[in-house]
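Structure record follows, encoded as structure tokens.
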Amino acid sequence: MIAYLGPEGTFTHEAVRRWVGARAGGGDAAQQPLATVREVHDAVASGAADRGVVAIESSVEGYVVPSLDALVGSPDVVAVDEVVLDVSFDAFVRPGHADPSGLREATAHPHGLAQCTRFVAERGLLPVPASSNAAACRDLADHQVAFGPRLCGELYGLETLATGVEDFAGARTRFVVLCRRDDATAAWAPARAAGHGAAPEAWRTMVAVTPVVTGPGVLARVTAEFAERGVNMSSLVERPLKVRERQYVFVVTLDGAPWEPQVRDLFAALLGAGDSLKVLGAFPVAPGGPALDGVLPDHVPTGSVLGADDDATVARGLLW
């Protein structure tokens, strides 16, 4: 059984369907929508579900914090595969309620609302968060507009007010497939043998690094270990340890698998320095993604400066 953030019609539901259709062995699998990310993790940890699927990162809004924190905090659950979806939002209303004068609120998952801010602002709507985009569509009131995938309109008998209302076209969301940690090696075996649609070495690993000693230069020391071994760090985020302020765990996504020699050597060096490590997931790189060949110049934060800028512009940007 596969647990996922429900109800039916979420982007996560679509990711489940995509994964079931593409995974080794194919076939049908029972799918169980659950109300929260925590419930999905608990179902996998307890063995009630063989797999779980949750969103982990949006190209617009970044990491999905509940999913990331659940992985960091779980001793028994690990990510063993990923699915990447192109994400586009349609705006739905109850049939016969498309008159703008009667629409006062916009509802969706917080990440959905954050990706449709222009539509909300132009119509003067009040944002109302929901547990998922599909839940917003399922529970839609007469005075509300809901944002969700096209499937939601079909499932819940809604009228489409507008299509493609997201602020940024081409957004993508990564989902991870969860299983029990003790079952991870067996879960990886088919992908390691077959390449899972990519070269066998094209893997990605998420690891939590918690420096025991803190202070100036700690993060520099950690990142230097990656550079010395030629291990690419594609993402680094910090999450609070939740017990004392200003103490963090660093969640690093790196190119490579835990069993590859350079990654094993990296982990050994960090352990030797006294850091605590925990692999949160490892998975073959999903095919078809954009080439990660650097940041596009017109996508850096507005107001950023370059070394070639004049002195006044640099001083304004850096406030020195």
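Identifiers for the structure tokens are assigned positionally: chains receive A, B, ... in sequence, residues are indexed from 1 per chain, and ligands are indexed from 1 in the order shown.
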**Request:** Run DSSP on the backbone and give me the residues of segment 103-265 of chain A it puts in strand (DSSP E), as an NGL selection string.
**Result:** :A and (105-108 or 126-129 or 144-148 or 159-162 or 172-180 or 203-210 or 233-240 or 248-255)
Can you tell me, as an mmCIF file with C-alpha atoms, in the first residue's frame, what residues are no more than 6 Å from segment 72-89 of chain A when counting only C-alpha atoms, ignoring any on the same chain fewer than 4 positions away?
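Generated output (out_16.cif):
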data_model
loop_
_atom_site.group_PDB
_atom_site.id
_atom_site.type_symbol
_atom_site.label_atom_id
_atom_site.label_comp_id
_atom_site.auth_asym_id
_atom_site.auth_seq_id
_atom_site.Cartn_x
_atom_site.Cartn_y
_atom_site.Cartn_z
ATOM 1 C CA ALA A 45 7.267 3.790 10.008
ATOM 2 C CA PHE A 147 -6.157 26.526 -6.847
ATOM 3 C CA GLY A 148 -5.178 23.006 -7.862
ATOM 4 C CA PRO A 149 -4.209 20.638 -10.658
ATOM 5 C CA GLY A 164 -2.386 28.401 -15.651
ATOM 6 C CA VAL A 165 -2.721 31.052 -12.928
ATOM 7 C CA GLU A 166 0.689 30.455 -11.346
ATOM 8 C CA ALA A 171 7.605 25.483 -11.971
ATOM 9 C CA ARG A 172 8.527 21.981 -10.878
ATOM 10 C CA THR A 173 8.051 20.088 -7.630
ATOM 11 C CA ARG A 174 10.124 17.176 -6.381
ATOM 12 C CA PHE A 175 8.448 14.358 -4.482
ATOM 13 C CA VAL A 176 10.214 11.621 -2.559
ATOM 14 C CA VAL A 177 9.163 8.011 -2.106
ATOM 15 C CA LEU A 178 9.563 6.806 1.468
ATOM 16 C CA CYS A 179 10.143 3.382 2.954
ATOM 17 C CA ARG A 180 11.363 1.930 6.228
ATOM 18 C CA ARG A 181 15.101 2.409 6.758
ATOM 19 C CA LEU A 280 17.771 11.039 4.908
ATOM 20 C CA GLY A 281 17.466 9.605 1.425
ATOM 21 C CA ALA A 282 19.206 8.467 -1.727
ATOM 22 C CA PHE A 283 17.636 8.066 -5.136
#
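Ranking A:Cys116, A:Ala22, A:Leu155, A:Leu34 by their shortest atom-to-atom distance to Asp167 of chain A, with only C-alpha atoms included, puts A:Cys116 first.
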**Residue nearest Gln144 of chain A - candidates A:His41, A:Arg123, A:Arg94, A:Arg192, atoms counted: only C-alpha atoms** =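 Closest to Gln144 of chain A of all the choices is A:Arg94.
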**Asked** Contacts of segment 223-234 of chain A at 9 Å or less, counting only C-alpha atoms, minus same-chain residues fewer than 4 places along, as a PyMOL selection string?
**Response** chain A and resi 218-219+252-256+262-263+265-266+269-270
**Request:** Run DSSP on the backbone of this structure and report the residues of segment 163-302 of chain A it assigns to alpha helix (DSSP H), as a ChimeraX atom specification.
**Result:** /A:184-194,218-229,261-272
**Request:** For Arg104 of chain A, work out the shell of residues within 10 Å, counting only C-alpha atoms and skipping chain neighbours fewer than 4 positions away, then give it as a list in words.
**Result:**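 My reading of the contact set: Pro100, Val120, Arg123, Gly124, Leu125, Leu126, Pro127, Asp142, His143, Gln144 and Val145 of chain A.
The two atoms in question, atom CA of Val53 of chain A and atom CA of Ala135 of chain A, are spaced 16.8 Å apart.
Residue nearest Phe11 of chain A within the list A:Val64, A:Ala202, A:Ala91, A:Val54: A:Val54 [criterion: smallest interatomic distance, only C-alpha atoms].
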